[in-house]
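**Q** Take a look at this one; I'll ask things after.
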Amino acid sequence: DQQVKQNSPSLSVQEGRISILNCDYTNSMFDYFLWYKKYPAEGPTFLISISSIKDKNEDGRFTVFLNKSAKHLSLHIVPSQPGDSAVYFCAASRNSGYALNFGKGTSLLVTP
Amino acid sequence: EAQVTQNPRYLITVTGKKLTVTCSQNMNHEYMSWYRQDPGLGLRQIYYSMNVEVTDKGDVPEGYKVSRKEKRNFPLILESPSPNQTSLYFCASSSPGQDTEAFFGQGTRLTVV
């Protein structure tokens with residue numbers, strides 16, 4: 001049973017606009033959430049994370065929002081750039097980074 | 001350079017022929033793990049290790065074995081590979097605690113015919 005869900009398999013956004021990627025989770029014991037970016041033929045690379053004691057974390061163009069009551073998190077990319085085109089995976093852990101549970105991924109395409 | 005190294009990157013094998021995919025990390029991380037990536041299924045957990053001689057099953061451990069005899073190495077063993085184990089495999093390592101990230105290897109593309 002998928003504990004982390006990314007319900008949008010793909011997303012297309014124009015360059016310069018905001019990209020919003022969504023993620024839902026079912027396990028209330030999760031205490032740490034991460035976003036990974038993956039290009040073809042490469043391993044996933046870490047993008048940004050947030051612990052359950054926060055509701056927002058920002059790093060440059062990337063911001064992650066956590067709504068614990070709704071068991072929902074989102075990744076905002078502003079402004080979007082063509083180089084952001086990749087598959088984005090949401091991940092969650094209930095033991096501070098051990099045993100990551102991943103969503104199925106959202107393929108983001110940023111068009112010029 | 002901090003990295004997770006998997007070998008081989010590509011492997012084609014036949015059903016039933018035992019194989020090992022190696023994984024090594026140079027960051028002194030306690031946690032190591034294996035995932036497989038399949039179309040439409042995302043990344044699924046195979047096995048984890050919290051430290052030397054400590055391993056846990058993930059969501060899809062059937063058909064796989066692991067060992068953690070040394071902190072830096074975490075090999076994935078397929079005793080009798082089958083075609084449904086054709087997949088893209090990733091090894092990862094991390095340290096315990098929040099505000100840490102898991103580092104991933106480049107992946108191993110395995111085809112079992």
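Ligands are numbered from 1 in the order shown, residues from 1 within each chain, and chains are lettered A, B, ... in the order they appear in the structure tokens.
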Chain B residues within 6 Å of chain A, counting only C-alpha atoms: which ones, as a PDB file with C-alpha atoms, in the first residue's frame?

**A**
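Contents of out15.pdb, as written:
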ATOM      1  CA  LEU B  41       5.816   2.382  -9.691  1.00  0.00           C
ATOM      2  CA  GLY B  42       8.434   4.905  -8.656  1.00  0.00           C
ATOM      3  CA  LEU B  43      11.161   3.893  -6.209  1.00  0.00           C
ATOM      4  CA  GLY B  97      19.064  12.547  12.185  1.00  0.00           C
ATOM      5  CA  GLN B  98      17.002  15.196  10.545  1.00  0.00           C
ATOM      6  CA  PHE B 104      22.225   7.869  -4.248  1.00  0.00           C
ATOM      7  CA  GLY B 105      24.440   5.891  -6.544  1.00  0.00           C
ATOM      8  CA  GLN B 106      24.214   6.191 -10.310  1.00  0.00           C
ATOM      9  CA  GLY B 107      22.064   3.111 -10.645  1.00  0.00           C
TER      10      GLY B 107
END

**Q** Skipping near chain neighbours, those fewer than 4 positions away, what residues fall within 10 Å of Gln3 (chain B) using only C-alpha atoms, listed as a PyMOL selection string?

**A** chain B and resi 24-27+92-93+103-106

**Q** Kindly save the residues from that selection, with all heavy atoms included, as a PDB file, in the first residue's frame.

**A**
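Output file part.pdb follows:
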ATOM      1  N   SER B  24      29.168   0.843  -2.514  1.00  0.00           N
ATOM      2  CA  SER B  24      30.156   1.316  -1.557  1.00  0.00           C
ATOM      3  C   SER B  24      29.993   2.817  -1.382  1.00  0.00           C
ATOM      4  O   SER B  24      29.768   3.544  -2.345  1.00  0.00           O
ATOM      5  CB  SER B  24      31.561   0.986  -2.082  1.00  0.00           C
ATOM      6  OG  SER B  24      32.543   1.424  -1.194  1.00  0.00           O
ATOM      7  N   GLN B  25      30.121   3.286  -0.126  1.00  0.00           N
ATOM      8  CA  GLN B  25      30.049   4.722   0.135  1.00  0.00           C
ATOM      9  C   GLN B  25      31.270   5.147   0.955  1.00  0.00           C
ATOM     10  O   GLN B  25      31.787   4.386   1.764  1.00  0.00           O
ATOM     11  CB  GLN B  25      28.738   5.080   0.861  1.00  0.00           C
ATOM     12  CG  GLN B  25      28.437   4.240   2.089  1.00  0.00           C
ATOM     13  CD  GLN B  25      28.833   4.847   3.407  1.00  0.00           C
ATOM     14  OE1 GLN B  25      29.380   5.952   3.483  1.00  0.00           O
ATOM     15  NE2 GLN B  25      28.571   4.119   4.496  1.00  0.00           N
ATOM     16  N   ASN B  26      31.728   6.391   0.708  1.00  0.00           N
ATOM     17  CA  ASN B  26      32.934   6.888   1.359  1.00  0.00           C
ATOM     18  C   ASN B  26      32.644   8.008   2.345  1.00  0.00           C
ATOM     19  O   ASN B  26      33.518   8.834   2.647  1.00  0.00           O
ATOM     20  CB  ASN B  26      33.946   7.349   0.297  1.00  0.00           C
ATOM     21  CG  ASN B  26      33.418   8.515  -0.537  1.00  0.00           C
ATOM     22  OD1 ASN B  26      32.307   8.994  -0.332  1.00  0.00           O
ATOM     23  ND2 ASN B  26      34.223   8.959  -1.491  1.00  0.00           N
ATOM     24  N   MET B  27      31.405   8.061   2.849  1.00  0.00           N
ATOM     25  CA  MET B  27      31.013   9.151   3.734  1.00  0.00           C
ATOM     26  C   MET B  27      30.831   8.707   5.181  1.00  0.00           C
ATOM     27  O   MET B  27      30.335   9.472   6.014  1.00  0.00           O
ATOM     28  CB  MET B  27      29.703   9.770   3.201  1.00  0.00           C
ATOM     29  CG  MET B  27      29.907  10.430   1.855  1.00  0.00           C
ATOM     30  SD  MET B  27      28.353  10.794   1.016  1.00  0.00           S
ATOM     31  CE  MET B  27      27.951   9.192   0.311  1.00  0.00           C
ATOM     32  N   ALA B  92      21.630   3.704  -1.748  1.00  0.00           N
ATOM     33  CA  ALA B  92      21.698   5.026  -1.119  1.00  0.00           C
ATOM     34  C   ALA B  92      22.324   4.908   0.257  1.00  0.00           C
ATOM     35  O   ALA B  92      22.291   3.845   0.881  1.00  0.00           O
ATOM     36  CB  ALA B  92      20.299   5.633  -1.006  1.00  0.00           C
ATOM     37  N   SER B  93      22.906   6.011   0.727  1.00  0.00           N
ATOM     38  CA  SER B  93      23.444   6.043   2.084  1.00  0.00           C
ATOM     39  C   SER B  93      23.120   7.375   2.726  1.00  0.00           C
ATOM     40  O   SER B  93      22.952   8.392   2.036  1.00  0.00           O
ATOM     41  CB  SER B  93      24.950   5.789   2.088  1.00  0.00           C
ATOM     42  OG  SER B  93      25.662   6.923   1.623  1.00  0.00           O
ATOM     43  N   PHE B 103      22.210  10.040  -0.092  1.00  0.00           N
ATOM     44  CA  PHE B 103      22.967  10.144  -1.327  1.00  0.00           C
ATOM     45  C   PHE B 103      22.759   8.863  -2.122  1.00  0.00           C
ATOM     46  O   PHE B 103      22.889   7.774  -1.573  1.00  0.00           O
ATOM     47  CB  PHE B 103      24.460  10.325  -1.028  1.00  0.00           C
ATOM     48  CG  PHE B 103      24.797  11.647  -0.430  1.00  0.00           C
ATOM     49  CD1 PHE B 103      24.645  11.870   0.932  1.00  0.00           C
ATOM     50  CD2 PHE B 103      25.291  12.677  -1.222  1.00  0.00           C
ATOM     51  CE1 PHE B 103      24.958  13.090   1.495  1.00  0.00           C
ATOM     52  CE2 PHE B 103      25.618  13.904  -0.661  1.00  0.00           C
ATOM     53  CZ  PHE B 103      25.446  14.109   0.694  1.00  0.00           C
ATOM     54  N   PHE B 104      22.497   9.018  -3.397  1.00  0.00           N
ATOM     55  CA  PHE B 104      22.225   7.869  -4.248  1.00  0.00           C
ATOM     56  C   PHE B 104      23.378   7.565  -5.191  1.00  0.00           C
ATOM     57  O   PHE B 104      24.090   8.484  -5.638  1.00  0.00           O
ATOM     58  CB  PHE B 104      20.958   8.114  -5.083  1.00  0.00           C
ATOM     59  CG  PHE B 104      19.689   7.910  -4.312  1.00  0.00           C
ATOM     60  CD1 PHE B 104      19.209   8.900  -3.468  1.00  0.00           C
ATOM     61  CD2 PHE B 104      18.983   6.721  -4.420  1.00  0.00           C
ATOM     62  CE1 PHE B 104      18.042   8.710  -2.745  1.00  0.00           C
ATOM     63  CE2 PHE B 104      17.812   6.527  -3.703  1.00  0.00           C
ATOM     64  CZ  PHE B 104      17.340   7.517  -2.863  1.00  0.00           C
ATOM     65  N   GLY B 105      23.523   6.288  -5.495  1.00  0.00           N
ATOM     66  CA  GLY B 105      24.440   5.891  -6.544  1.00  0.00           C
ATOM     67  C   GLY B 105      23.849   6.184  -7.911  1.00  0.00           C
ATOM     68  O   GLY B 105      22.712   6.639  -8.031  1.00  0.00           O
ATOM     69  N   GLN B 106      24.627   5.892  -8.943  1.00  0.00           N
ATOM     70  CA  GLN B 106      24.214   6.191 -10.310  1.00  0.00           C
ATOM     71  C   GLN B 106      23.207   5.195 -10.864  1.00  0.00           C
ATOM     72  O   GLN B 106      22.611   5.430 -11.909  1.00  0.00           O
ATOM     73  CB  GLN B 106      25.447   6.209 -11.231  1.00  0.00           C
ATOM     74  CG  GLN B 106      26.395   7.348 -10.942  1.00  0.00           C
ATOM     75  CD  GLN B 106      25.884   8.658 -11.535  1.00  0.00           C
ATOM     76  OE1 GLN B 106      24.955   9.268 -11.028  1.00  0.00           O
ATOM     77  NE2 GLN B 106      26.492   9.091 -12.616  1.00  0.00           N
TER      78      GLN B 106
END

**Q** Would you pick out the contacts of region 65-74 of chain A at 9 Å or less, using only C-alpha atoms, so that residues sharing its chain but fewer than 5 positions from it are not included, and give the list as a list in words?

**A** Ile20, Leu21, Asn22, Cys23, Asp24, Tyr25, Thr26, Asn27, Ser28, Phe33, Ile50, Ser51, Ser52, Lys54, Asp55, Lys56, Asn57, Glu58 and Cys90 of chain A

**Q** Neighbours of Cys91 (chain B) within 12 Å (only C-alpha atoms; same-chain residues fewer than 2 positions away dropped), as a PDB file with N, CA and C atoms, in the first residue's frame?

**A**
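Once written, part_0.pdb looks like this:
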ATOM      1  N   GLU A  42      20.567   8.859 -14.353  1.00  0.00           N
ATOM      2  CA  GLU A  42      21.292   9.306 -13.167  1.00  0.00           C
ATOM      3  C   GLU A  42      20.543   8.881 -11.918  1.00  0.00           C
ATOM      4  N   GLY A  43      21.258   8.846 -10.792  1.00  0.00           N
ATOM      5  CA  GLY A  43      20.577   8.598  -9.541  1.00  0.00           C
ATOM      6  C   GLY A  43      19.834   9.827  -9.064  1.00  0.00           C
ATOM      7  N   PRO A  44      18.834   9.654  -8.204  1.00  0.00           N
ATOM      8  CA  PRO A  44      18.130  10.813  -7.649  1.00  0.00           C
ATOM      9  C   PRO A  44      19.094  11.706  -6.878  1.00  0.00           C
TER      10      PRO A  44
ATOM     11  N   GLN B   3      30.702  10.145  -2.355  1.00  0.00           N
ATOM     12  CA  GLN B   3      29.918   9.455  -3.369  1.00  0.00           C
ATOM     13  C   GLN B   3      29.499   8.061  -2.933  1.00  0.00           C
ATOM     14  N   VAL B   4      28.469   7.581  -3.637  1.00  0.00           N
ATOM     15  CA  VAL B   4      27.998   6.210  -3.520  1.00  0.00           C
ATOM     16  C   VAL B   4      28.277   5.553  -4.875  1.00  0.00           C
ATOM     17  N   THR B   5      29.003   4.451  -4.847  1.00  0.00           N
ATOM     18  CA  THR B   5      29.438   3.811  -6.080  1.00  0.00           C
ATOM     19  C   THR B   5      28.794   2.445  -6.214  1.00  0.00           C
ATOM     20  N   GLN B   6      28.109   2.257  -7.312  1.00  0.00           N
ATOM     21  CA  GLN B   6      27.487   0.974  -7.611  1.00  0.00           C
ATOM     22  C   GLN B   6      28.191   0.330  -8.795  1.00  0.00           C
ATOM     23  N   ASN B   7      28.310  -0.980  -8.729  1.00  0.00           N
ATOM     24  CA  ASN B   7      28.853  -1.730  -9.858  1.00  0.00           C
ATOM     25  C   ASN B   7      28.152  -3.084  -9.973  1.00  0.00           C
ATOM     26  N   PRO B   8      27.874  -3.505 -11.223  1.00  0.00           N
ATOM     27  CA  PRO B   8      28.124  -2.775 -12.469  1.00  0.00           C
ATOM     28  C   PRO B   8      27.029  -1.742 -12.741  1.00  0.00           C
ATOM     29  N   ARG B   9      27.213  -0.914 -13.737  1.00  0.00           N
ATOM     30  CA  ARG B   9      26.176   0.041 -14.142  1.00  0.00           C
ATOM     31  C   ARG B   9      25.122  -0.643 -14.996  1.00  0.00           C
ATOM     32  N   VAL B  21      25.303  -7.180  -6.958  1.00  0.00           N
ATOM     33  CA  VAL B  21      25.523  -5.772  -7.301  1.00  0.00           C
ATOM     34  C   VAL B  21      26.171  -5.123  -6.090  1.00  0.00           C
ATOM     35  N   THR B  22      27.322  -4.545  -6.303  1.00  0.00           N
ATOM     36  CA  THR B  22      28.038  -3.957  -5.165  1.00  0.00           C
ATOM     37  C   THR B  22      27.655  -2.504  -4.968  1.00  0.00           C
ATOM     38  N   CYS B  23      27.767  -2.061  -3.727  1.00  0.00           N
ATOM     39  CA  CYS B  23      27.512  -0.670  -3.371  1.00  0.00           C
ATOM     40  C   CYS B  23      28.515  -0.279  -2.304  1.00  0.00           C
ATOM     41  N   SER B  24      29.168   0.843  -2.514  1.00  0.00           N
ATOM     42  CA  SER B  24      30.156   1.316  -1.557  1.00  0.00           C
ATOM     43  C   SER B  24      29.993   2.817  -1.382  1.00  0.00           C
ATOM     44  N   GLN B  25      30.121   3.286  -0.126  1.00  0.00           N
ATOM     45  CA  GLN B  25      30.049   4.722   0.135  1.00  0.00           C
ATOM     46  C   GLN B  25      31.270   5.147   0.955  1.00  0.00           C
ATOM     47  N   TYR B  31      23.491   4.571   7.675  1.00  0.00           N
ATOM     48  CA  TYR B  31      22.355   4.008   6.956  1.00  0.00           C
ATOM     49  C   TYR B  31      22.733   3.720   5.511  1.00  0.00           C
ATOM     50  N   MET B  32      22.311   2.538   5.039  1.00  0.00           N
ATOM     51  CA  MET B  32      22.408   2.237   3.613  1.00  0.00           C
ATOM     52  C   MET B  32      21.139   1.515   3.190  1.00  0.00           C
ATOM     53  N   SER B  33      20.798   1.610   1.908  1.00  0.00           N
ATOM     54  CA  SER B  33      19.537   1.032   1.458  1.00  0.00           C
ATOM     55  C   SER B  33      19.589   0.723  -0.029  1.00  0.00           C
ATOM     56  N   TRP B  34      18.687  -0.147  -0.452  1.00  0.00           N
ATOM     57  CA  TRP B  34      18.523  -0.497  -1.848  1.00  0.00           C
ATOM     58  C   TRP B  34      17.086  -0.236  -2.288  1.00  0.00           C
ATOM     59  N   TYR B  35      16.950   0.309  -3.499  1.00  0.00           N
ATOM     60  CA  TYR B  35      15.649   0.570  -4.095  1.00  0.00           C
ATOM     61  C   TYR B  35      15.655   0.042  -5.518  1.00  0.00           C
ATOM     62  N   ARG B  36      14.462  -0.250  -6.012  1.00  0.00           N
ATOM     63  CA  ARG B  36      14.320  -0.529  -7.427  1.00  0.00           C
ATOM     64  C   ARG B  36      13.311   0.446  -8.021  1.00  0.00           C
ATOM     65  N   GLN B  37      13.590   0.860  -9.240  1.00  0.00           N
ATOM     66  CA  GLN B  37      12.706   1.791  -9.920  1.00  0.00           C
ATOM     67  C   GLN B  37      12.111   1.121 -11.145  1.00  0.00           C
ATOM     68  N   LEU B  43      10.070   4.559  -6.918  1.00  0.00           N
ATOM     69  CA  LEU B  43      11.161   3.893  -6.209  1.00  0.00           C
ATOM     70  C   LEU B  43      10.584   3.061  -5.072  1.00  0.00           C
ATOM     71  N   ARG B  44      10.893   1.782  -5.080  1.00  0.00           N
ATOM     72  CA  ARG B  44      10.375   0.911  -4.022  1.00  0.00           C
ATOM     73  C   ARG B  44      11.522   0.335  -3.221  1.00  0.00           C
ATOM     74  N   GLN B  45      11.267   0.217  -1.935  1.00  0.00           N
ATOM     75  CA  GLN B  45      12.306  -0.194  -0.996  1.00  0.00           C
ATOM     76  C   GLN B  45      12.530  -1.699  -1.053  1.00  0.00           C
ATOM     77  N   ILE B  46      13.771  -2.116  -1.132  1.00  0.00           N
ATOM     78  CA  ILE B  46      14.090  -3.535  -1.120  1.00  0.00           C
ATOM     79  C   ILE B  46      14.607  -3.946   0.266  1.00  0.00           C
ATOM     80  N   TYR B  47      15.712  -3.377   0.656  1.00  0.00           N
ATOM     81  CA  TYR B  47      16.320  -3.656   1.962  1.00  0.00           C
ATOM     82  C   TYR B  47      16.972  -2.389   2.499  1.00  0.00           C
ATOM     83  N   TYR B  48      17.073  -2.351   3.842  1.00  0.00           N
ATOM     84  CA  TYR B  48      17.785  -1.274   4.509  1.00  0.00           C
ATOM     85  C   TYR B  48      18.818  -1.844   5.450  1.00  0.00           C
ATOM     86  N   SER B  49      19.742  -0.983   5.839  1.00  0.00           N
ATOM     87  CA  SER B  49      20.655  -1.355   6.915  1.00  0.00           C
ATOM     88  C   SER B  49      20.911  -0.134   7.781  1.00  0.00           C
ATOM     89  N   VAL B  66      20.837  -9.292   1.259  1.00  0.00           N
ATOM     90  CA  VAL B  66      21.862  -8.259   1.471  1.00  0.00           C
ATOM     91  C   VAL B  66      22.745  -8.687   2.619  1.00  0.00           C
ATOM     92  N   ARG B  72      31.046   0.525   5.027  1.00  0.00           N
ATOM     93  CA  ARG B  72      31.051   1.197   3.739  1.00  0.00           C
ATOM     94  C   ARG B  72      30.375   0.395   2.621  1.00  0.00           C
ATOM     95  N   ASN B  73      30.184  -0.899   2.795  1.00  0.00           N
ATOM     96  CA  ASN B  73      29.682  -1.747   1.707  1.00  0.00           C
ATOM     97  C   ASN B  73      28.329  -2.361   2.027  1.00  0.00           C
ATOM     98  N   PHE B  74      27.492  -2.441   1.000  1.00  0.00           N
ATOM     99  CA  PHE B  74      26.154  -3.008   1.183  1.00  0.00           C
ATOM    100  C   PHE B  74      25.746  -3.703  -0.122  1.00  0.00           C
ATOM    101  N   PRO B  75      26.265  -4.900  -0.372  1.00  0.00           N
ATOM    102  CA  PRO B  75      25.963  -5.586  -1.631  1.00  0.00           C
ATOM    103  C   PRO B  75      24.545  -6.138  -1.681  1.00  0.00           C
ATOM    104  N   LEU B  76      23.986  -6.144  -2.872  1.00  0.00           N
ATOM    105  CA  LEU B  76      22.663  -6.713  -3.133  1.00  0.00           C
ATOM    106  C   LEU B  76      22.873  -8.010  -3.906  1.00  0.00           C
ATOM    107  N   LEU B  88      15.750  -1.088 -12.654  1.00  0.00           N
ATOM    108  CA  LEU B  88      16.834  -0.147 -12.390  1.00  0.00           C
ATOM    109  C   LEU B  88      17.002  -0.077 -10.870  1.00  0.00           C
ATOM    110  N   TYR B  89      18.196  -0.377 -10.402  1.00  0.00           N
ATOM    111  CA  TYR B  89      18.448  -0.466  -8.964  1.00  0.00           C
ATOM    112  C   TYR B  89      19.315   0.685  -8.492  1.00  0.00           C
ATOM    113  N   SER B  93      22.906   6.011   0.727  1.00  0.00           N
ATOM    114  CA  SER B  93      23.444   6.043   2.084  1.00  0.00           C
ATOM    115  C   SER B  93      23.120   7.375   2.726  1.00  0.00           C
ATOM    116  N   SER B  94      23.041   7.375   4.050  1.00  0.00           N
ATOM    117  CA  SER B  94      22.761   8.606   4.776  1.00  0.00           C
ATOM    118  C   SER B  94      23.193   8.445   6.225  1.00  0.00           C
ATOM    119  N   ALA B 102      19.771  11.549   1.853  1.00  0.00           N
ATOM    120  CA  ALA B 102      20.308  10.292   1.372  1.00  0.00           C
ATOM    121  C   ALA B 102      21.003  10.559   0.044  1.00  0.00           C
ATOM    122  N   PHE B 103      22.210  10.040  -0.092  1.00  0.00           N
ATOM    123  CA  PHE B 103      22.967  10.144  -1.327  1.00  0.00           C
ATOM    124  C   PHE B 103      22.759   8.863  -2.122  1.00  0.00           C
ATOM    125  N   PHE B 104      22.497   9.018  -3.397  1.00  0.00           N
ATOM    126  CA  PHE B 104      22.225   7.869  -4.248  1.00  0.00           C
ATOM    127  C   PHE B 104      23.378   7.565  -5.191  1.00  0.00           C
ATOM    128  N   GLY B 105      23.523   6.288  -5.495  1.00  0.00           N
ATOM    129  CA  GLY B 105      24.440   5.891  -6.544  1.00  0.00           C
ATOM    130  C   GLY B 105      23.849   6.184  -7.911  1.00  0.00           C
ATOM    131  N   GLN B 106      24.627   5.892  -8.943  1.00  0.00           N
ATOM    132  CA  GLN B 106      24.214   6.191 -10.310  1.00  0.00           C
ATOM    133  C   GLN B 106      23.207   5.195 -10.864  1.00  0.00           C
ATOM    134  N   GLY B 107      23.042   4.093 -10.189  1.00  0.00           N
ATOM    135  CA  GLY B 107      22.064   3.111 -10.645  1.00  0.00           C
ATOM    136  C   GLY B 107      22.708   1.941 -11.373  1.00  0.00           C
ATOM    137  N   THR B 108      22.028   0.800 -11.307  1.00  0.00           N
ATOM    138  CA  THR B 108      22.436  -0.407 -12.033  1.00  0.00           C
ATOM    139  C   THR B 108      21.236  -0.885 -12.831  1.00  0.00           C
TER     140      THR B 108
END

**Q** Could you check which of B:Val14, B:Thr20, B:Asn28, B:Thr111 is closest to Lys65 (chain B), using only C-alpha atoms?

**A** B:Thr20
